[in-house]
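Student: Contents of entry-v5.json (JSON, C-alpha atoms) are below:
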[["chain", "number", "residue", "atom", "x", "y", "z"],
["A", 1, "MET", "CA", 52.97, 70.38, 79.04],
["A", 2, "ILE", "CA", 55.63, 72.84, 80.12],
["A", 3, "GLU", "CA", 59.10, 73.84, 78.98],
["A", 4, "VAL", "CA", 61.25, 75.48, 81.64],
["A", 5, "ILE", "CA", 63.38, 78.21, 80.08],
["A", 6, "HIS", "CA", 64.89, 79.68, 83.26],
["A", 7, "TYR", "CA", 65.50, 78.64, 86.85],
["A", 8, "GLN", "CA", 65.90, 81.04, 89.74],
["A", 9, "ASN", "CA", 66.43, 78.42, 92.42],
["A", 10, "LYS", "CA", 66.70, 75.11, 90.60],
["A", 11, "ALA", "CA", 66.84, 72.93, 93.69],
["A", 12, "THR", "CA", 63.43, 74.20, 94.79],
["A", 13, "GLU", "CA", 61.79, 74.68, 91.41],
["A", 14, "LYS", "CA", 62.80, 71.41, 89.80],
["A", 15, "LEU", "CA", 60.67, 69.57, 92.36],
["A", 16, "LEU", "CA", 57.59, 71.54, 91.28],
["A", 17, "GLU", "CA", 57.77, 70.96, 87.53],
["A", 18, "ALA", "CA", 55.54, 67.88, 87.44],
["A", 19, "SER", "CA", 52.82, 69.63, 89.46],
["A", 20, "ILE", "CA", 52.97, 72.77, 87.32],
["A", 21, "SER", "CA", 52.75, 70.70, 84.14],
["A", 22, "LYS", "CA", 49.74, 68.84, 85.52],
["A", 23, "TYR", "CA", 48.00, 72.07, 86.51],
["A", 24, "TYR", "CA", 48.58, 73.63, 83.10],
["A", 25, "ASP", "CA", 47.15, 70.55, 81.38],
["A", 26, "GLU", "CA", 44.07, 70.86, 83.61],
["A", 27, "VAL", "CA", 43.57, 74.46, 82.46],
["A", 28, "ARG", "CA", 43.95, 73.45, 78.80],
["A", 29, "GLU", "CA", 41.03, 71.06, 79.21],
["A", 30, "LEU", "CA", 38.92, 74.09, 80.11],
["A", 31, "LEU", "CA", 40.57, 76.46, 77.64],
["A", 32, "PRO", "CA", 41.72, 74.30, 74.70],
["A", 33, "GLY", "CA", 42.82, 77.38, 72.76],
["A", 34, "LEU", "CA", 45.87, 77.70, 75.00],
["A", 35, "PRO", "CA", 49.27, 76.68, 73.59],
["A", 36, "LYS", "CA", 49.90, 72.96, 73.97],
["A", 37, "THR", "CA", 53.23, 73.74, 75.58],
["A", 38, "VAL", "CA", 53.78, 76.76, 77.79],
["A", 39, "LYS", "CA", 57.20, 78.14, 78.64],
["A", 40, "ILE", "CA", 57.92, 78.60, 82.34],
["A", 41, "TYR", "CA", 60.37, 81.24, 83.48],
["A", 42, "PHE", "CA", 61.13, 80.96, 87.18],
["A", 43, "GLY", "CA", 61.75, 84.43, 88.60],
["A", 44, "ASP", "CA", 61.98, 86.11, 91.98],
["A", 45, "TYR", "CA", 59.60, 89.08, 91.80],
["A", 46, "GLY", "CA", 55.92, 89.69, 92.45],
["A", 47, "ILE", "CA", 55.80, 87.15, 95.27],
["A", 48, "ILE", "CA", 52.72, 87.45, 97.48],
["A", 49, "PRO", "CA", 53.79, 87.38, 101.15],
["A", 50, "GLU", "CA", 50.71, 85.41, 102.17],
["A", 51, "SER", "CA", 51.45, 82.51, 99.82],
["A", 52, "GLY", "CA", 55.11, 82.64, 98.86],
["A", 53, "VAL", "CA", 54.12, 82.46, 95.18],
["A", 54, "GLY", "CA", 53.91, 85.01, 92.38],
["A", 55, "GLY", "CA", 52.91, 84.88, 88.74],
["A", 56, "TYR", "CA", 53.05, 87.00, 85.59],
["A", 57, "ALA", "CA", 51.75, 86.39, 82.08],
["A", 58, "TYR", "CA", 54.81, 87.48, 80.16],
["A", 59, "SER", "CA", 53.75, 86.64, 76.61],
["A", 60, "HIS", "CA", 51.29, 84.53, 74.64],
["A", 61, "ASP", "CA", 53.21, 81.33, 75.49],
["A", 62, "THR", "CA", 55.29, 82.24, 78.55],
["A", 63, "ILE", "CA", 54.40, 82.40, 82.23],
["A", 64, "THR", "CA", 56.73, 83.68, 84.91],
["A", 65, "ILE", "CA", 56.40, 81.86, 88.22],
["A", 66, "SER", "CA", 58.17, 83.07, 91.35],
["A", 67, "ILE", "CA", 58.63, 80.73, 94.30],
["A", 68, "ASP", "CA", 60.00, 81.94, 97.64],
["A", 69, "PRO", "CA", 62.43, 79.17, 98.67],
["A", 70, "ASP", "CA", 62.32, 80.40, 102.29],
["A", 71, "PHE", "CA", 58.54, 80.39, 102.66],
["A", 72, "LYS", "CA", 57.90, 78.33, 105.78],
["A", 73, "ASP", "CA", 54.48, 76.81, 105.07],
["A", 74, "LYS", "CA", 55.46, 74.58, 102.15],
["A", 75, "LYS", "CA", 52.09, 72.85, 102.13],
["A", 76, "LYS", "CA", 50.25, 76.14, 101.65],
["A", 77, "GLN", "CA", 52.78, 77.29, 99.07],
["A", 78, "LEU", "CA", 52.32, 74.15, 97.00],
["A", 79, "LYS", "CA", 48.55, 74.53, 97.23],
["A", 80, "ASP", "CA", 48.77, 78.10, 95.91],
["A", 81, "ILE", "CA", 50.77, 77.16, 92.82],
["A", 82, "ARG", "CA", 47.75, 75.59, 91.14],
["A", 83, "PRO", "CA", 45.49, 78.69, 91.31],
["A", 84, "THR", "CA", 48.46, 80.81, 90.19],
["A", 85, "ILE", "CA", 48.81, 78.68, 87.05],
["A", 86, "PHE", "CA", 45.05, 78.88, 86.45],
["A", 87, "HIS", "CA", 45.13, 82.67, 86.85],
["A", 88, "GLU", "CA", 48.08, 83.28, 84.55],
["A", 89, "ALA", "CA", 46.86, 80.81, 81.92],
["A", 90, "PHE", "CA", 43.56, 82.68, 81.78],
["A", 91, "HIS", "CA", 45.55, 85.82, 81.03],
["A", 92, "LEU", "CA", 47.33, 84.02, 78.21],
["A", 93, "TYR", "CA", 44.02, 82.87, 76.78],
["A", 94, "GLN", "CA", 42.66, 86.43, 76.84],
["A", 95, "ASN", "CA", 45.90, 87.88, 75.44],
["A", 96, "TYR", "CA", 46.38, 90.02, 78.53],
["A", 97, "THR", "CA", 50.16, 89.76, 78.73],
["A", 98, "GLY", "CA", 53.23, 91.89, 79.10],
["A", 99, "GLU", "CA", 53.90, 91.77, 75.37],
["A", 100, "SER", "CA", 50.35, 92.69, 74.34],
["A", 101, "GLY", "CA", 49.86, 95.85, 76.41],
["A", 102, "PRO", "CA", 49.77, 98.55, 77.47],
["A", 103, "PHE", "CA", 46.35, 98.36, 79.06],
["A", 104, "THR", "CA", 44.36, 101.09, 80.78],
["A", 105, "ALA", "CA", 43.58, 101.00, 84.48],
["A", 106, "ILE", "CA", 40.04, 99.74, 83.95],
["A", 107, "GLU", "CA", 41.21, 97.13, 81.44],
["A", 108, "ASN", "CA", 43.71, 95.91, 84.02],
["A", 109, "ALA", "CA", 40.94, 95.69, 86.61],
["A", 110, "ILE", "CA", 38.62, 93.67, 84.36],
["A", 111, "TYR", "CA", 41.28, 91.24, 83.13],
["A", 112, "GLU", "CA", 42.63, 90.70, 86.65],
["A", 113, "GLY", "CA", 39.08, 90.28, 87.94],
["A", 114, "VAL", "CA", 37.98, 87.61, 85.49],
["A", 115, "ALA", "CA", 41.23, 85.67, 86.03],
["A", 116, "THR", "CA", 40.81, 85.90, 89.80],
["A", 117, "VAL", "CA", 37.24, 84.60, 89.60],
["A", 118, "PHE", "CA", 38.38, 81.83, 87.26],
["A", 119, "GLU", "CA", 40.99, 80.58, 89.71],
["A", 120, "ARG", "CA", 38.53, 80.93, 92.58],
["A", 121, "GLU", "CA", 35.82, 78.95, 90.80],
["A", 122, "TYR", "CA", 38.07, 76.11, 89.67],
["A", 123, "CYS", "CA", 40.54, 75.99, 92.56],
["A", 124, "GLY", "CA", 38.15, 76.82, 95.38],
["A", 125, "ILE", "CA", 40.17, 79.63, 96.93],
["A", 126, "TRP", "CA", 39.43, 83.26, 97.71],
["A", 127, "GLN", "CA", 42.78, 84.89, 97.11],
["A", 128, "PRO", "CA", 43.45, 87.89, 99.38],
["A", 129, "TYR", "CA", 43.99, 90.17, 96.39],
["A", 130, "GLY", "CA", 40.51, 89.43, 95.06],
["A", 131, "ASN", "CA", 38.67, 89.28, 98.37],
["A", 132, "TYR", "CA", 36.49, 92.38, 98.40],
["A", 133, "ARG", "CA", 33.87, 90.91, 100.78],
["A", 134, "GLU", "CA", 34.80, 93.21, 103.67],
["A", 135, "THR", "CA", 35.20, 96.27, 101.45],
["A", 136, "PRO", "CA", 32.28, 98.73, 101.53],
["A", 137, "GLU", "CA", 30.47, 98.86, 98.21],
["A", 138, "ASP", "CA", 30.75, 102.64, 98.21],
["A", 139, "SER", "CA", 34.54, 102.28, 98.24],
["A", 140, "LEU", "CA", 34.45, 99.82, 95.34],
["A", 141, "LYS", "CA", 32.25, 102.16, 93.32],
["A", 142, "GLN", "CA", 34.53, 105.11, 94.06],
["A", 143, "TRP", "CA", 37.64, 103.14, 93.08],
["A", 144, "LEU", "CA", 35.91, 102.09, 89.87],
["A", 145, "GLN", "CA", 35.32, 105.74, 89.02],
["A", 146, "ASP", "CA", 38.92, 106.56, 89.91],
["A", 147, "LEU", "CA", 40.25, 103.82, 87.62],
["A", 148, "GLN", "CA", 37.99, 104.86, 84.76],
["A", 149, "GLN", "CA", 39.20, 108.46, 85.01],
["A", 150, "LEU", "CA", 42.92, 107.59, 84.99],
["A", 151, "SER", "CA", 44.64, 108.24, 81.69],
["A", 152, "LEU", "CA", 46.92, 105.53, 80.38],
["A", 153, "LYS", "CA", 49.97, 107.66, 81.18],
["A", 154, "ASP", "CA", 48.80, 108.41, 84.73],
["A", 155, "PHE", "CA", 48.10, 104.75, 85.34],
["A", 156, "GLN", "CA", 51.52, 103.75, 84.05],
["A", 157, "ASN", "CA", 53.06, 106.24, 86.46],
["A", 158, "THR", "CA", 51.06, 104.92, 89.43],
["A", 159, "TYR", "CA", 50.77, 101.29, 88.35],
["A", 160, "SER", "CA", 52.14, 99.75, 91.56],
["A", 161, "GLU", "CA", 49.92, 101.91, 93.77],
["A", 162, "TRP", "CA", 46.68, 100.85, 92.14],
["A", 163, "LYS", "CA", 47.63, 97.21, 91.62],
["A", 164, "PHE", "CA", 49.50, 96.44, 94.82],
["A", 165, "TYR", "CA", 49.50, 99.10, 97.55],
["A", 166, "HIS", "CA", 48.08, 102.60, 97.49],
["A", 167, "SER", "CA", 49.91, 104.45, 100.25],
["A", 168, "LYS", "CA", 47.53, 107.41, 100.33],
["A", 169, "LEU", "CA", 44.41, 105.23, 100.55],
["A", 170, "LYS", "CA", 46.22, 102.61, 102.63],
["A", 171, "GLU", "CA", 44.62, 99.88, 100.53],
["A", 172, "ARG", "CA", 46.12, 96.83, 98.83],
["A", 173, "TRP", "CA", 45.13, 95.38, 95.46],
["A", 174, "ILE", "CA", 42.53, 97.97, 94.41],
["A", 175, "VAL", "CA", 42.67, 96.90, 90.74],
["A", 176, "TYR", "CA", 42.11, 93.24, 91.64],
["A", 177, "LYS", "CA", 39.31, 93.86, 94.12],
["A", 178, "VAL", "CA", 37.40, 96.18, 91.81],
["A", 179, "GLY", "CA", 37.78, 93.78, 88.90],
["A", 180, "THR", "CA", 36.70, 90.76, 90.91],
["A", 181, "TRP", "CA", 33.69, 92.64, 92.24],
["A", 182, "ILE", "CA", 32.67, 93.76, 88.74],
["A", 183, "THR", "CA", 33.07, 90.22, 87.41],
["A", 184, "ASP", "CA", 30.86, 88.77, 90.14],
["A", 185, "GLN", "CA", 28.25, 91.46, 89.44],
["A", 186, "VAL", "CA", 28.24, 90.56, 85.73],
["A", 187, "LEU", "CA", 27.98, 86.82, 86.37],
["A", 188, "GLU", "CA", 25.09, 87.25, 88.79],
["A", 189, "LYS", "CA", 23.21, 89.85, 86.75],
["A", 190, "HIS", "CA", 23.39, 87.95, 83.48],
["A", 191, "LYS", "CA", 23.29, 84.39, 84.90],
["A", 192, "LEU", "CA", 26.64, 83.51, 83.36],
["A", 193, "LYS", "CA", 29.57, 81.26, 84.25],
["A", 194, "ILE", "CA", 33.13, 82.53, 84.26],
["A", 195, "LEU", "CA", 33.97, 80.56, 81.10],
["A", 196, "ASP", "CA", 31.28, 82.60, 79.34],
["A", 197, "LEU", "CA", 33.56, 85.61, 79.76],
["A", 198, "SER", "CA", 36.74, 83.93, 78.56],
["A", 199, "ASP", "CA", 36.37, 85.14, 74.97],
["A", 200, "LYS", "CA", 35.21, 88.63, 75.87],
["A", 201, "THR", "CA", 37.40, 91.72, 75.98],
["A", 202, "ALA", "CA", 37.55, 93.98, 79.01],
["A", 203, "THR", "CA", 35.39, 96.49, 77.16],
["A", 204, "GLU", "CA", 32.72, 93.85, 76.52],
["A", 205, "VAL", "CA", 32.70, 92.74, 80.17],
["A", 206, "LEU", "CA", 32.41, 96.33, 81.36],
["A", 207, "LYS", "CA", 29.51, 96.84, 78.94],
["A", 208, "LEU", "CA", 27.73, 93.87, 80.53],
["A", 209, "TYR", "CA", 28.30, 95.47, 83.95],
["A", 210, "ASP", "CA", 26.71, 98.71, 82.76],
["A", 211, "GLN", "CA", 23.67, 97.00, 81.24]]
For this file, write the structure as structure tokens.
Tutor:
Amino acid sequence: MIEVIHYQNKATEKLLEASISKYYDEVRELLPGLPKTVKIYFGDYGIIPESGVGGYAYSHDTITISIDPDFKDKKKQLKDIRPTIFHEAFHLYQNYTGESGPFTAIENAIYEGVATVFEREYCGIWQPYGNYRETPEDSLKQWLQDLQQLSLKDFQNTYSEWKFYHSKLKERWIVYKVGTWITDQVLEKHKLKILDLSDKTATEVLKLYDQ
């Protein structure tokens, strides 16, 4: 169940409420510890150009969803709302939200990675931000080291570069790709399912990667 607390473009967003509520209820069946009712704040930031949708886990019971009203492929946009809800709800479940931070660079990578794998496994979509399949493993390992060496302050100062676009490296979504790659490594190595990681902290997931 959802409770809309803010509209950005009501004419567009009102039509999506029933679908969003349905998708959230589907996630709660997998993660029953989630709040029965989640607040939805429709915003206009963080929109992914490839899908026309953006999401942000604002607090323990609030998800921000951004919908580009001018995105041309409405069918694709609607399809991408479901994995966005799954991704952000996973963040809520793990208490990885705007109100519960700050988080280090490597913590960001792990929490984004497990949420990306969760949406991929249950929505059947490889999101571009988590698709590391054409990235050389040496690059992923180097980025992992880079993220681990960043202090919290340095990461906060370069947050957008590492999460969205690193102009020097000319790479998008480094945090997401590294985290998704680590998560897949952990699942394969330890014969686990993504739900097995839902109650683990980033530190615990990283420890499994190192084992």
Student: Can you check which parts of stretch 109-146 of chain A lie within 12 Å of stretch 55-67 of chain A? Per residue, the shortest pair of atoms and distance in Å to one decimal, counting all atoms listed in the file, sorted by chain and number, as JSON lines.
Tutor:
{"residue": "A:Tyr111", "atom": "CA", "partner": "A:Ala57", "partner_atom": "CA", "distance": 11.6}
{"residue": "A:Glu112", "atom": "CA", "partner": "A:Ala57", "partner_atom": "CA", "distance": 11.1}
{"residue": "A:Ala115", "atom": "CA", "partner": "A:Ala57", "partner_atom": "CA", "distance": 11.3}
Student: Give me a file of those residues, with C-alpha atoms, as a short mmCIF file (atom, residue, chain, number, x, y, z; two decimals), keeping the file's coordinate frame.
Tutor:
data_model
loop_
_atom_site.label_atom_id
_atom_site.label_comp_id
_atom_site.auth_asym_id
_atom_site.auth_seq_id
_atom_site.Cartn_x
_atom_site.Cartn_y
_atom_site.Cartn_z
CA TYR A 111 41.28 91.24 83.13
CA GLU A 112 42.63 90.70 86.65
CA ALA A 115 41.23 85.67 86.03
#
Student: Which residue is closest to A:Lys79? Choose from A:Ser19, A:Ser151, A:Gln8, A:Thr97 and count only C-alpha atoms.
Tutor: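 Ranking A:Ser19, A:Ser151, A:Gln8, A:Thr97 by distance to A:Lys79, first place goes to A:Ser19.
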Student: When distances are computed from only C-alpha atoms, which of A:Met1, A:Ala18, A:Ala89, A:Val205 shows the smallest separation from A:Leu30?
Tutor: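 Comparing A:Met1, A:Ala18, A:Ala89, A:Val205 against A:Leu30, the winner is A:Ala89.
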Student: What is the distance between atom CA of A:Leu187 and atom CA of A:Pro136, in Å to one decimal?
Tutor: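 Distance reported for this atom pair: 19.8 Å.
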Student: So that I can check the surroundings of A:Pro35, please list as a count of residues only every protein, DNA and RNA residue that reaches within 9 Å of it, counting only C-alpha atoms and ignoring chain neighbours fewer than 3 positions away.
Tutor: 7
Student: Would you mind telling me which residue in A:Val117, A:Ser21, A:Phe42, A:Leu34 lies nearest to A:Ile5 when using all atoms listed in the file?
Tutor: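 Closest to A:Ile5, using all atoms listed in the file: A:Phe42.
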Student: Go through A:Glu3, A:Glu119, A:Asp199, A:Glu107 one by one, measure the shortest atom-to-atom distance of each to A:Ile20 using only C-alpha atoms, and give the residue with the smallest value.
Tutor: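 With only C-alpha atoms as the atom set, the closest residue is A:Glu3.
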Student: Any idea what the distance is between atom CA of A:Val27 and atom CA of A:Phe86?
Tutor: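 Going from atom CA of A:Val27 over to atom CA of A:Phe86 covers 6.1 Å.
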Student: Report, in Å with one decimal, the straight-line distance from atom CA of A:His190 to atom CA of A:Leu208.
Tutor: 7.9 Å
Student: Quick one: everything within 10 Å of A:Gly113, counting only C-alpha atoms, minus sequence neighbours fewer than 5 positions away in the same chain. Send it as JSON, numbers by chain.
Tutor: {"A": [87, 107, 108, 118, 129, 130, 175, 176, 177, 178, 179, 180, 181, 182, 183, 184, 202]}
Student: Just add N, CA and C atoms to stretch 41-70 of chain A and send it as a compact mmCIF listing (two decimals), in the coordinates of the input.
Tutor:
# COMPACT_ATOMS: atom_id res chain seq x y z
N TYR A 41 59.18 80.49 83.07
CA TYR A 41 60.37 81.24 83.48
C TYR A 41 60.27 81.43 84.99
N PHE A 42 61.13 80.79 85.73
CA PHE A 42 61.13 80.96 87.18
C PHE A 42 61.87 82.24 87.54
N GLY A 43 61.16 83.15 88.21
CA GLY A 43 61.75 84.43 88.60
C GLY A 43 61.75 84.60 90.11
N ASP A 44 61.93 85.84 90.54
CA ASP A 44 61.98 86.11 91.98
C ASP A 44 61.26 87.41 92.35
N TYR A 45 60.30 87.83 91.52
CA TYR A 45 59.60 89.08 91.80
C TYR A 45 58.09 88.85 91.79
N GLY A 46 57.38 89.78 92.41
CA GLY A 46 55.92 89.69 92.45
C GLY A 46 55.39 88.63 93.40
N ILE A 47 56.23 88.19 94.34
CA ILE A 47 55.80 87.15 95.27
C ILE A 47 54.83 87.72 96.30
N ILE A 48 53.71 87.03 96.50
CA ILE A 48 52.72 87.45 97.48
C ILE A 48 53.14 86.93 98.84
N PRO A 49 53.31 87.81 99.83
CA PRO A 49 53.79 87.38 101.15
C PRO A 49 52.93 86.31 101.80
N GLU A 50 51.62 86.36 101.53
CA GLU A 50 50.71 85.41 102.17
C GLU A 50 50.84 83.99 101.63
N SER A 51 51.39 83.84 100.42
CA SER A 51 51.45 82.51 99.82
C SER A 51 52.85 82.05 99.43
N GLY A 52 53.77 83.00 99.29
CA GLY A 52 55.11 82.64 98.86
C GLY A 52 55.20 82.31 97.38
N VAL A 53 54.18 82.74 96.62
CA VAL A 53 54.12 82.46 95.18
C VAL A 53 53.74 83.74 94.43
N GLY A 54 54.29 83.90 93.24
CA GLY A 54 53.91 85.01 92.38
C GLY A 54 53.81 84.55 90.94
N GLY A 55 53.06 85.26 90.13
CA GLY A 55 52.91 84.88 88.74
C GLY A 55 52.77 86.08 87.83
N TYR A 56 53.15 85.91 86.58
CA TYR A 56 53.05 87.00 85.59
C TYR A 56 52.92 86.39 84.20
N ALA A 57 51.93 86.85 83.46
CA ALA A 57 51.75 86.39 82.08
C ALA A 57 52.64 87.23 81.19
N TYR A 58 53.80 86.70 80.88
CA TYR A 58 54.81 87.48 80.16
C TYR A 58 54.47 87.66 78.68
N SER A 59 54.08 86.58 78.03
CA SER A 59 53.75 86.64 76.61
C SER A 59 52.71 85.58 76.29
N HIS A 60 52.37 85.43 75.01
CA HIS A 60 51.29 84.53 74.64
C HIS A 60 51.59 83.07 74.97
N ASP A 61 52.88 82.73 75.18
CA ASP A 61 53.21 81.33 75.49
C ASP A 61 54.19 81.20 76.65
N THR A 62 54.32 82.26 77.46
CA THR A 62 55.29 82.24 78.55
C THR A 62 54.69 82.77 79.84
N ILE A 63 54.85 82.00 80.90
CA ILE A 63 54.40 82.40 82.23
C ILE A 63 55.61 82.47 83.15
N THR A 64 55.71 83.57 83.88
CA THR A 64 56.73 83.68 84.91
C THR A 64 56.12 83.21 86.23
N ILE A 65 56.81 82.33 86.91
CA ILE A 65 56.40 81.86 88.22
C ILE A 65 57.52 82.15 89.21
N SER A 66 57.19 82.79 90.32
CA SER A 66 58.17 83.07 91.35
C SER A 66 57.83 82.28 92.61
N ILE A 67 58.81 81.57 93.13
CA ILE A 67 58.63 80.73 94.30
C ILE A 67 59.62 81.18 95.38
N ASP A 68 59.12 81.56 96.53
CA ASP A 68 60.00 81.94 97.64
C ASP A 68 60.56 80.68 98.28
N PRO A 69 61.86 80.41 98.13
CA PRO A 69 62.43 79.17 98.67
C PRO A 69 62.44 79.14 100.20
N ASP A 70 62.27 80.32 100.82
CA ASP A 70 62.32 80.40 102.29
C ASP A 70 60.94 80.46 102.93
